[in-house]
Amino acid sequence: MTLTLFSGGAAKAVVTGLQAEFEQRHGGTLDASFGAVGTMRDKLLAGAACDVIVLSDALIEELEKQGHVVAGSARPLGRVETGVAVRTGTSPVAVGDGAALKATLAAARGLYVPHLTQSTAGQHIANVLRRLGLAETLADRIHEYPNGAVAMGELAKTTGDGMVGCTQVTEILYTPGVTLVGELPKEYGLSTVYTAACCAKSGDPARAMAFVEALGGPESLALRKQAGFVV
């Protein structure tokens, strides 16, 4: 039997890292889809079959209130910071404070980001650009993708200097070809807690809950830390 999972991209490394052992222990297969948290939520609300969902804590709480996830099933994976990346092998950029971040972004030839309205990090990045007064300046240099993982993958394919990415640290760390240069400075930072929960209409609630427990439990602690979660 297939267990279907919808997840924000930030948790991809943890989900895939647990998949093989979970399938061996519990049988069946795990069919995982990753994307912007808003997109994953909308798929569930549109009626798509789903057993386990991993989104920001705020969205899971909202879905629980609406009856779409099982009350009491939520398990936090940890906190994820938002960071800045460059293509591996290119010069690092300065992002240590607000002035440095503004200068780096203003000088960027291309800015690679997740969906600016559907993803948690993308919404935050759009707000940061407005606060820095760069939204209009960078409008024609922004390369927007469905989620941070895709954005980082595209950043890795670029050529030349001046290409910068911004998304959640976990998505930067698990994407080959890009390098984390630092988290956003504190005054512009974003910490997001990601949480897994069992969907109310799961066809296999026992196995779904078992995977939720694996995602948020002690067996995945080292994996979560390695992936960039602050636990």
# chains A, B, ... in the order shown; residues from 1 in each chain; ligands from 1
$ residues_around --residues "Ala36 of chain A" --least-positions-apart "5" --cutoff "10 Å" --atoms "only C-alpha atoms" --output "list in words"
Phe6, Ser7, Gly8, Gly9, Ala10, Arg41, Asp42, Leu55, Pro114, His115, Leu116, Thr117, Gln118, Ser119, Thr120, Ala121, Gly122, Tyr145, Pro146, Asn147, Gly148 and Ala149 of chain A
$ select_by_dssp --residues "segment 25-221 of chain A" --states "helix (DSSP H, G or I)" --output "ChimeraX atom specification"
/A:25-26,37-45,57-65,98-107,120-131,139-141,148-156,169-173,186-188,205-216,218-221
$ closest_residue --among "A:Ala85, A:Ala214, A:Val70, A:Cys199" --to "Ala156 of chain A" --atoms "only C-alpha atoms"
A:Ala85
$ residues_around --residues "segment 136-143 of chain A" --least-positions-apart "6" --cutoff "8 Å" --atoms "only C-alpha atoms" --output "list in words"
Ala106, Ala108, Arg109, Gly110, Leu111, Tyr112, Val113 and Ala151 of chain A
$ write_last_selection --atoms "N, CA and C atoms" --output "PDB file, in the first residue's frame"
ATOM      1  N   ALA A 106      21.428  44.374  -4.175  1.00  0.00           N
ATOM      2  CA  ALA A 106      21.377  45.420  -5.199  1.00  0.00           C
ATOM      3  C   ALA A 106      22.355  45.139  -6.327  1.00  0.00           C
ATOM      4  N   ALA A 108      23.295  42.101  -7.293  1.00  0.00           N
ATOM      5  CA  ALA A 108      23.073  40.785  -7.891  1.00  0.00           C
ATOM      6  C   ALA A 108      22.612  40.901  -9.338  1.00  0.00           C
ATOM      7  N   ARG A 109      23.175  40.052 -10.192  1.00  0.00           N
ATOM      8  CA  ARG A 109      22.719  39.966 -11.585  1.00  0.00           C
ATOM      9  C   ARG A 109      21.465  39.118 -11.694  1.00  0.00           C
ATOM     10  N   GLY A 110      21.290  38.225 -10.730  1.00  0.00           N
ATOM     11  CA  GLY A 110      20.095  37.390 -10.686  1.00  0.00           C
ATOM     12  C   GLY A 110      19.826  36.958  -9.262  1.00  0.00           C
ATOM     13  N   LEU A 111      18.559  36.945  -8.858  1.00  0.00           N
ATOM     14  CA  LEU A 111      18.180  36.520  -7.516  1.00  0.00           C
ATOM     15  C   LEU A 111      17.210  35.348  -7.656  1.00  0.00           C
ATOM     16  N   TYR A 112      17.612  34.186  -7.162  1.00  0.00           N
ATOM     17  CA  TYR A 112      16.859  32.941  -7.303  1.00  0.00           C
ATOM     18  C   TYR A 112      16.102  32.652  -6.014  1.00  0.00           C
ATOM     19  N   VAL A 113      14.771  32.593  -6.124  1.00  0.00           N
ATOM     20  CA  VAL A 113      13.927  32.523  -4.933  1.00  0.00           C
ATOM     21  C   VAL A 113      12.757  31.559  -5.139  1.00  0.00           C
ATOM     22  N   ALA A 151      14.553  26.417  -7.051  1.00  0.00           N
ATOM     23  CA  ALA A 151      15.290  27.663  -7.227  1.00  0.00           C
ATOM     24  C   ALA A 151      16.792  27.458  -7.044  1.00  0.00           C
TER      25      ALA A 151
END
$ select_by_dssp --residues "segment 2-221 of chain A" --states "strand (DSSP E or B)" --output "number ranges by chain"
A: 2-8, 29-35, 52-56, 69, 75-87, 110-114, 142-145, 163-168, 178-183, 191-199
$ write_last_selection --atoms "C-alpha atoms" --output "JSON list (two decimals), in the first residue's frame"
[["chain", "number", "residue", "atom", "x", "y", "z"],
["A", 2, "THR", "CA", 1.18, 3.50, -0.81],
["A", 3, "LEU", "CA", 1.45, 6.18, 1.86],
["A", 4, "THR", "CA", 1.04, 9.64, 0.30],
["A", 5, "LEU", "CA", 2.87, 12.62, 1.78],
["A", 6, "PHE", "CA", 2.70, 16.31, 0.93],
["A", 7, "SER", "CA", 5.56, 18.41, 2.28],
["A", 8, "GLY", "CA", 7.12, 21.81, 2.19],
["A", 29, "THR", "CA", 5.88, 2.56, -0.43],
["A", 30, "LEU", "CA", 6.04, 6.26, 0.39],
["A", 31, "ASP", "CA", 4.90, 8.62, -2.37],
["A", 32, "ALA", "CA", 6.21, 12.05, -1.35],
["A", 33, "SER", "CA", 5.52, 15.36, -3.10],
["A", 34, "PHE", "CA", 7.43, 18.53, -2.22],
["A", 35, "GLY", "CA", 6.59, 22.15, -2.94],
["A", 52, "VAL", "CA", 0.84, 12.72, 6.02],
["A", 53, "ILE", "CA", 1.42, 16.44, 5.59],
["A", 54, "VAL", "CA", 4.46, 18.52, 6.60],
["A", 55, "LEU", "CA", 3.98, 22.29, 6.59],
["A", 56, "SER", "CA", 4.79, 25.30, 8.71],
["A", 69, "VAL", "CA", -5.56, 16.82, 10.17],
["A", 75, "ARG", "CA", 4.83, 16.56, 15.75],
["A", 76, "PRO", "CA", 7.35, 19.40, 15.22],
["A", 77, "LEU", "CA", 10.52, 18.65, 13.26],
["A", 78, "GLY", "CA", 12.32, 21.80, 14.38],
["A", 79, "ARG", "CA", 13.09, 25.33, 13.34],
["A", 80, "VAL", "CA", 14.57, 26.37, 9.99],
["A", 81, "GLU", "CA", 16.32, 29.67, 9.29],
["A", 82, "THR", "CA", 16.29, 31.52, 5.97],
["A", 83, "GLY", "CA", 19.66, 31.97, 4.28],
["A", 84, "VAL", "CA", 21.57, 33.25, 1.27],
["A", 85, "ALA", "CA", 23.41, 31.06, -1.22],
["A", 86, "VAL", "CA", 25.77, 31.36, -4.17],
["A", 87, "ARG", "CA", 26.78, 28.87, -6.79],
["A", 110, "GLY", "CA", 20.10, 37.39, -10.69],
["A", 111, "LEU", "CA", 18.18, 36.52, -7.52],
["A", 112, "TYR", "CA", 16.86, 32.94, -7.30],
["A", 113, "VAL", "CA", 13.93, 32.52, -4.93],
["A", 114, "PRO", "CA", 10.93, 30.28, -4.14],
["A", 142, "ILE", "CA", 14.20, 37.89, -9.85],
["A", 143, "HIS", "CA", 13.96, 34.26, -10.93],
["A", 144, "GLU", "CA", 10.97, 32.74, -9.13],
["A", 145, "TYR", "CA", 10.34, 28.98, -8.88],
["A", 163, "MET", "CA", 24.05, 35.13, -9.00],
["A", 164, "VAL", "CA", 22.48, 34.89, -5.55],
["A", 165, "GLY", "CA", 19.82, 32.64, -4.04],
["A", 166, "CYS", "CA", 17.65, 33.08, -0.99],
["A", 167, "THR", "CA", 15.51, 30.41, 0.63],
["A", 168, "GLN", "CA", 15.42, 28.23, 3.72],
["A", 178, "VAL", "CA", 25.14, 25.77, -4.22],
["A", 179, "THR", "CA", 26.82, 26.96, -1.03],
["A", 180, "LEU", "CA", 25.27, 28.60, 2.02],
["A", 181, "VAL", "CA", 27.05, 31.88, 2.72],
["A", 182, "GLY", "CA", 25.01, 32.80, 5.78],
["A", 183, "GLU", "CA", 21.62, 33.29, 7.34],
["A", 191, "SER", "CA", 12.63, 31.24, 11.62],
["A", 192, "THR", "CA", 9.99, 28.72, 10.59],
["A", 193, "VAL", "CA", 8.95, 25.71, 12.63],
["A", 194, "TYR", "CA", 7.96, 22.76, 10.43],
["A", 195, "THR", "CA", 5.46, 20.24, 11.72],
["A", 196, "ALA", "CA", 4.18, 16.86, 10.48],
["A", 197, "ALA", "CA", 0.64, 15.63, 11.05],
["A", 198, "CYS", "CA", -1.65, 12.77, 10.07],
["A", 199, "CYS", "CA", -4.37, 13.74, 7.60]]
$ atom_distance --atom1 "atom CA of Cys50 of chain A" --atom2 "atom CA of Ser202 of chain A"
6.1 Å
$ residues_around --residues "Val128 of chain A" --least-positions-apart "6" --cutoff "10 Å" --atoms "only C-alpha atoms" --output "JSON, numbers by chain"
{"A": [102, 122, 134, 135, 184, 187, 188, 189]}
$ closest_residue --among "A:Asp51, A:Glu154, A:Asp57, A:Glu23" --to "Met209 of chain A" --atoms "only C-alpha atoms"
A:Asp51
$ atom_distance --atom1 "atom CA of Leu105 of chain A" --atom2 "atom CA of Ile125 of chain A"
11.3 Å
$ closest_residue --among "A:Gly160, A:Gly72, A:Pro218, A:Gly28" --to "Thr90 of chain A" --atoms "only C-alpha atoms"
A:Gly160
$ closest_residue --among "A:Thr88, A:Pro185, A:Ala206, A:Ala227" --to "Leu155 of chain A" --atoms "only C-alpha atoms"
A:Thr88
$ residues_around --residues "Lys225 of chain A" --least-positions-apart "2" --cutoff "10 Å" --atoms "only C-alpha atoms" --output "ChimeraX atom specification"
/A:14,77-79,170,220-223,227-231
$ write_last_selection --atoms "all heavy atoms" --output "compact mmCIF listing (two decimals), in the first residue's frame"
# COMPACT_ATOMS: atom_id res chain seq x y z
N VAL A 14 14.88 15.23 5.22
CA VAL A 14 14.47 14.37 6.34
C VAL A 14 13.54 13.27 5.85
O VAL A 14 13.70 12.09 6.18
CB VAL A 14 13.80 15.20 7.46
CG1 VAL A 14 13.39 14.30 8.61
CG2 VAL A 14 14.74 16.29 7.95
N LEU A 77 9.21 19.13 13.69
CA LEU A 77 10.52 18.65 13.26
C LEU A 77 11.64 19.56 13.77
O LEU A 77 12.76 19.11 13.97
CB LEU A 77 10.60 18.58 11.73
CG LEU A 77 10.01 17.35 11.04
CD1 LEU A 77 8.49 17.30 11.20
CD2 LEU A 77 10.39 17.34 9.57
N GLY A 78 11.32 20.83 13.94
CA GLY A 78 12.32 21.80 14.38
C GLY A 78 12.19 23.10 13.62
O GLY A 78 11.29 23.28 12.79
N ARG A 79 13.11 23.99 13.90
CA ARG A 79 13.09 25.33 13.34
C ARG A 79 14.10 25.44 12.20
O ARG A 79 15.20 24.89 12.26
CB ARG A 79 13.43 26.32 14.46
CG ARG A 79 13.54 27.77 14.03
CD ARG A 79 13.58 28.68 15.27
NE ARG A 79 14.55 28.25 16.28
CZ ARG A 79 15.84 28.58 16.26
NH1 ARG A 79 16.34 29.33 15.29
NH2 ARG A 79 16.65 28.16 17.22
N THR A 170 17.71 24.64 4.91
CA THR A 170 17.66 23.22 4.60
C THR A 170 17.68 22.98 3.09
O THR A 170 18.33 22.04 2.62
CB THR A 170 16.40 22.57 5.20
OG1 THR A 170 15.26 23.35 4.82
CG2 THR A 170 16.48 22.51 6.71
N SER A 220 15.05 10.37 14.22
CA SER A 220 15.43 11.27 13.13
C SER A 220 16.18 12.51 13.61
O SER A 220 16.48 13.41 12.82
CB SER A 220 14.19 11.72 12.35
OG SER A 220 13.37 12.58 13.13
N LEU A 221 16.50 12.57 14.90
CA LEU A 221 17.10 13.78 15.47
C LEU A 221 18.41 14.15 14.77
O LEU A 221 18.60 15.30 14.36
CB LEU A 221 17.33 13.59 16.96
CG LEU A 221 17.87 14.81 17.73
CD1 LEU A 221 16.92 15.99 17.61
CD2 LEU A 221 18.09 14.45 19.20
N ALA A 222 19.31 13.19 14.63
CA ALA A 222 20.60 13.48 13.99
C ALA A 222 20.41 13.89 12.54
O ALA A 222 21.08 14.81 12.05
CB ALA A 222 21.51 12.25 14.07
N LEU A 223 19.49 13.23 11.85
CA LEU A 223 19.21 13.56 10.45
C LEU A 223 18.67 14.97 10.32
O LEU A 223 19.07 15.73 9.42
CB LEU A 223 18.22 12.55 9.88
CG LEU A 223 17.75 12.75 8.43
CD1 LEU A 223 18.93 12.70 7.47
CD2 LEU A 223 16.71 11.69 8.07
N ALA A 227 20.38 18.11 8.39
CA ALA A 227 19.67 18.75 7.30
C ALA A 227 19.51 20.25 7.49
O ALA A 227 19.09 20.96 6.56
CB ALA A 227 18.30 18.10 7.15
N GLY A 228 19.83 20.75 8.69
CA GLY A 228 19.74 22.19 8.92
C GLY A 228 18.65 22.62 9.86
O GLY A 228 18.46 23.82 10.09
N PHE A 229 17.92 21.66 10.43
CA PHE A 229 16.91 22.01 11.42
C PHE A 229 17.56 22.34 12.76
O PHE A 229 18.53 21.70 13.16
CB PHE A 229 15.93 20.85 11.63
CG PHE A 229 14.88 20.72 10.55
CD1 PHE A 229 15.16 20.04 9.37
CD2 PHE A 229 13.62 21.29 10.72
CE1 PHE A 229 14.21 19.92 8.38
CE2 PHE A 229 12.66 21.18 9.73
CZ PHE A 229 12.95 20.49 8.55
N VAL A 230 17.03 23.33 13.43
CA VAL A 230 17.45 23.65 14.79
C VAL A 230 16.46 22.98 15.72
O VAL A 230 15.28 23.33 15.74
CB VAL A 230 17.47 25.17 15.02
CG1 VAL A 230 17.92 25.48 16.45
CG2 VAL A 230 18.37 25.87 14.01
N VAL A 231 16.94 21.98 16.46
CA VAL A 231 16.05 21.15 17.28
C VAL A 231 16.35 21.38 18.77
O VAL A 231 17.50 21.40 19.15
CB VAL A 231 16.25 19.66 16.93
CG1 VAL A 231 15.31 18.79 17.76
CG2 VAL A 231 16.01 19.45 15.44
$ decode --residues "segment 62-100 of chain A" --atoms "C-alpha atoms" --output "PDB file, in the first residue's frame"
ATOM      1  CA  GLU A  62      -4.971  26.033  10.896  1.00  0.00           C
ATOM      2  CA  LEU A  63      -5.678  22.691   9.197  1.00  0.00           C
ATOM      3  CA  GLU A  64      -6.235  21.010  12.564  1.00  0.00           C
ATOM      4  CA  LYS A  65      -8.804  23.634  13.531  1.00  0.00           C
ATOM      5  CA  GLN A  66     -10.557  23.016  10.203  1.00  0.00           C
ATOM      6  CA  GLY A  67     -10.591  19.261  10.772  1.00  0.00           C
ATOM      7  CA  HIS A  68      -8.231  18.363   7.921  1.00  0.00           C
ATOM      8  CA  VAL A  69      -5.563  16.825  10.172  1.00  0.00           C
ATOM      9  CA  VAL A  70      -6.062  14.568  13.168  1.00  0.00           C
ATOM     10  CA  ALA A  71      -6.207  16.537  16.397  1.00  0.00           C
ATOM     11  CA  GLY A  72      -3.183  15.801  18.577  1.00  0.00           C
ATOM     12  CA  SER A  73      -1.211  14.108  15.782  1.00  0.00           C
ATOM     13  CA  ALA A  74       1.114  17.036  15.043  1.00  0.00           C
ATOM     14  CA  ARG A  75       4.833  16.558  15.750  1.00  0.00           C
ATOM     15  CA  PRO A  76       7.355  19.402  15.219  1.00  0.00           C
ATOM     16  CA  LEU A  77      10.522  18.645  13.258  1.00  0.00           C
ATOM     17  CA  GLY A  78      12.317  21.796  14.377  1.00  0.00           C
ATOM     18  CA  ARG A  79      13.094  25.333  13.339  1.00  0.00           C
ATOM     19  CA  VAL A  80      14.567  26.372   9.989  1.00  0.00           C
ATOM     20  CA  GLU A  81      16.318  29.671   9.288  1.00  0.00           C
ATOM     21  CA  THR A  82      16.294  31.515   5.966  1.00  0.00           C
ATOM     22  CA  GLY A  83      19.661  31.971   4.282  1.00  0.00           C
ATOM     23  CA  VAL A  84      21.571  33.250   1.273  1.00  0.00           C
ATOM     24  CA  ALA A  85      23.411  31.060  -1.217  1.00  0.00           C
ATOM     25  CA  VAL A  86      25.768  31.365  -4.166  1.00  0.00           C
ATOM     26  CA  ARG A  87      26.782  28.873  -6.791  1.00  0.00           C
ATOM     27  CA  THR A  88      29.544  26.658  -5.437  1.00  0.00           C
ATOM     28  CA  GLY A  89      32.945  27.896  -6.572  1.00  0.00           C
ATOM     29  CA  THR A  90      31.942  31.544  -6.907  1.00  0.00           C
ATOM     30  CA  SER A  91      32.961  34.297  -4.521  1.00  0.00           C
ATOM     31  CA  PRO A  92      31.024  34.490  -1.233  1.00  0.00           C
ATOM     32  CA  VAL A  93      28.864  37.541  -0.617  1.00  0.00           C
ATOM     33  CA  ALA A  94      28.417  39.679   2.494  1.00  0.00           C
ATOM     34  CA  VAL A  95      25.116  39.345   4.367  1.00  0.00           C
ATOM     35  CA  GLY A  96      26.218  39.989   7.944  1.00  0.00           C
ATOM     36  CA  ASP A  97      24.001  43.023   8.517  1.00  0.00           C
ATOM     37  CA  GLY A  98      21.253  44.951   6.806  1.00  0.00           C
ATOM     38  CA  ALA A  99      23.580  47.265   4.902  1.00  0.00           C
ATOM     39  CA  ALA A 100      25.667  44.364   3.618  1.00  0.00           C
TER      40      ALA A 100
END
